[in-house]
Amino acid sequence: MTLTMRGAAYDYGEGRGLRATDLTLADAPQLIALTGPNGSGKSTLLKLLARVAAPSSGEIAFEGKRLREWPAKEYAKRIAYLPQDPDPSFPMRAIDVVVSGRAPFLGRFEWEGDSDYEHAANALAMCDAAHLAERYLDEMSGGERKRVFLARVLAAQPKVILLDEPLSALDISHVQQFSALLRDVVDRTASTVVFASHDLNWAAAYCDRMLVMQEGRIALDASPREVMQPDVMRTLFGFDAQAVEANGRTWLVPRV
Amino acid sequence: MGTDALTLPRPRPLAVPLAAFALALLIALALGITFGATSLSWRALAAGDETARQILLLIRLPRVLLAAIVGATLAVAGVTFQTLLRNPLADPFILGVSGGAAAGAAIATATRLSLIPGAVPIVSFLGACAAIGAVLVLARRRDYTDPTRLLLSGLVLNAFFSAIILISFSLSRQSDLTAALRWMMGSLFGTTWLEVGAMAVLLIVAMVVLAAIANDVRMFVFGEDDARSRGVDVERVKLIGFITASIVTGAAVAVSGIIGFVGLLVPHIVRLIVRRDIRALLPLCALGGATLLVFADVLSRTLTPSSELPIGAFTALLGVPFFISLLRKSR
């Protein structure tokens with residue numbers, strides 16, 4: 001799998017968006033955390049990679065072929081994207097949400113078959129959410145919903161999974177469980193997962209690689225160990241941090 | 001996560017609700033054919049009574065069939081708009097179709113074009129098409145159609161058309177106004193087989209087109225970005241859906257006037273009974289809308305012996321209590 005950006009930019013106007021950016025996702029499956037202050041371009045980067053938006057300049061290619069040359073459904077089978085906190089406009093059962101992740105595999109008049117429901121049920125099981133299958137989304141807690149949506153993404157068995165702030169609005173124990181689940185997904189499905197997150201400590205604890213964005217650029221693309229440094233925090237986040245060693249890892253705590 | 005056999009919680013088969021909805025429609029049709037200003041005697045008909053045959057073939061049957069087709073059309077257009085716009089308040093007239101059609105009819109009345117048979121439906125259909133075109137152009141933003149701008153444009157355009165209607169009416173002769181007002185309140189009086197045939201063909205074409213994009217339309221449920229990421233050509237699907245639903249609505253308005261509530265309410269009623277996506281809702285809404293309008297039509301022409309009451313009032317009078325009772329029963 002190779003997904004590359006060469007000088008890809010997206011302009012919302014007023015200098016916001018993504019500036020000419022290079023990025024390569026390749027080789028072994030990785031869990032990649034995408035961090036950076038609000039408005040630094042994380043969501044835009046994910047949307048461009050997901051082919052939800054087209055770059056205003058530069059190029060993005062998957063498996064050596066430019067994105068716009070990929071048939072939409074073929075690309076959707078391989079790259080999955082989850083917007084931040086999707087909310088259905090009408091009540092839906094979890095299993096129906098998950099099986100809708102199989103949409104790119106269906107023909108024009110075709111409805112989901114047994115194999116699609118099997119993929120969906122397996123994906124729910126992998127996310128520890130099999131028991132939620134027949135419940136409605138609006139009856140679920142935030143944590144349960146996030147598991148269902150992760151299952152939806154997994155149901156297509158994609159090579160790359162792009163998640164926009166999957167940890168937002170979760171309590172601390174669910175943040176840990178969900179981070180561990182993302183790690184598990186990478187190890188068991190051999191997909192590469194890129195997730196936007198503000199939770200630096202948890203992201204660093206579980207991920208293989210961190211991308212730190214600042215003002216529409218990738219300011220740092222490095223291992224968690226290199227990112228989790230007080231001086232990096234000061235320059236990139238304007239956050240006055242102190243490094244604390246515990247359980248063989250570096251954790252950043254505010255200096256107060 | 002055990003290794004036990006995974007049961008597949010597939011949705012229940014559609015055959016049962018489809019059969020139930022079809023049965024309801026058949027009952028409505030039978031009632032619609034039987035009752036009217038004069039009751040149709042099935043016995044006389046069987047005995048070969050010529051008057052009974054004339055009432056059935058020239059008056060009752062075309063009218064009841066048109067009620068069914070118009071009801072189906074409005075409900076199908078309604079569910080399409082609600083799904084594409086992710087807005088439960090959307091109805092078939094959202095692109096200014098009703099305003100455009102009514103303005104067309106009002107202008108036809110003021111210019112006395114309405115005295116030519118068949119002119120009002122044609123002019124009002126042209127008005128509806130003009131409205132659809134104007135709203136789609138106004139809602140266009142760089143390379144995409146913005147749902148919020150679409151709703152606003154429809155609203156603003158309807159206000160603009162209201163002005164045209166008011167001016168046209170004040171310029172019209174008193175004697176022409178009664179017919180125009182009856183048309184605006186919705187009426188199936190004097191239905192011809194030509195109208196039935198034209199609407200049936202349009203409805204079938206629209207159903208086929210909408211069924212062909214239904215797999216993509218249902219993906220709008222989590223928003224346009226999500227649909228795009230699942231391989232849906234969002235802009236193309238929106239345009240096909242909006243135009244198809246609006247044109248059939250324009251045609252329905254042209255033959256039957258402005259009949260409210262069917263397109264707004266039936267999708268909600270059906271969704272409360274059968275919780276499925278638009279692929280299943282399309283045929284069910286068609287049957288449900290047809291049933292509601294046939295019932296409403298029966299009431300509108302039987303409650304008062306000498307005159308017809310506006311059918312649009314009965315779609316609401318029948319639909320609203322039914323909707324409220326379902327809403328109270330649901331979670």
# chains A, B, ... in the order shown; residues from 1 in each chain; ligands from 1
>>> interface_residues(of="chain B", to="chain A", cutoff="8 Å", atoms="only C-alpha atoms", output="PyMOL selection string")
chain B and resi 1+6+8-10+83+86-88+211-213+215+219+221-223+225-226+228-233+275-276
>>> residues_around(residues="range 89-103 of chain B", least_positions_apart="5", cutoff="8 Å", atoms="only C-alpha atoms", output="VMD selection string")
chain B and resid 74 to 75 77 to 79 81 to 82 123 to 132 135 to 136 150 to 151 153 to 155 157 to 159 161 to 162 164 to 165 184 245 to 246 249 to 250 253 to 254 257 to 258 263 to 264
>>> closest_residue(among="A:Leu18, A:Glu59, A:Ala204, A:Leu25", to="Arg6 in chain A", atoms="only C-alpha atoms")
A:Glu59
>>> closest_residue(among="B:Ala139, B:Ile247, B:Val266, B:Val237", to="Ala214 in chain B", atoms="only C-alpha atoms")
B:Val237
>>> closest_atom_pairs(of="range 39-133 of chain B", to="range 295-305 of chain B", cutoff="12 Å", atoms="only C-alpha atoms", output="CSV")
residue,atom,partner,partner_atom,distance
B:Ser39,CA,B:Thr302,CA,9.5
B:Arg60,CA,B:Val298,CA,10.4
B:Arg63,CA,B:Asp297,CA,8.9
B:Val64,CA,B:Asp297,CA,7.8
B:Leu65,CA,B:Asp297,CA,10.8
B:Leu66,CA,B:Asp297,CA,10.2
B:Ala67,CA,B:Asp297,CA,7.0
B:Ala68,CA,B:Phe295,CA,9.3
B:Val70,CA,B:Asp297,CA,11.2
B:Gly71,CA,B:Ala296,CA,9.9
>>> closest_residue(among="A:Gln229, A:Val160, A:Arg19, A:Thr35", to="Thr189 in chain A", atoms="only C-alpha atoms")
A:Val160
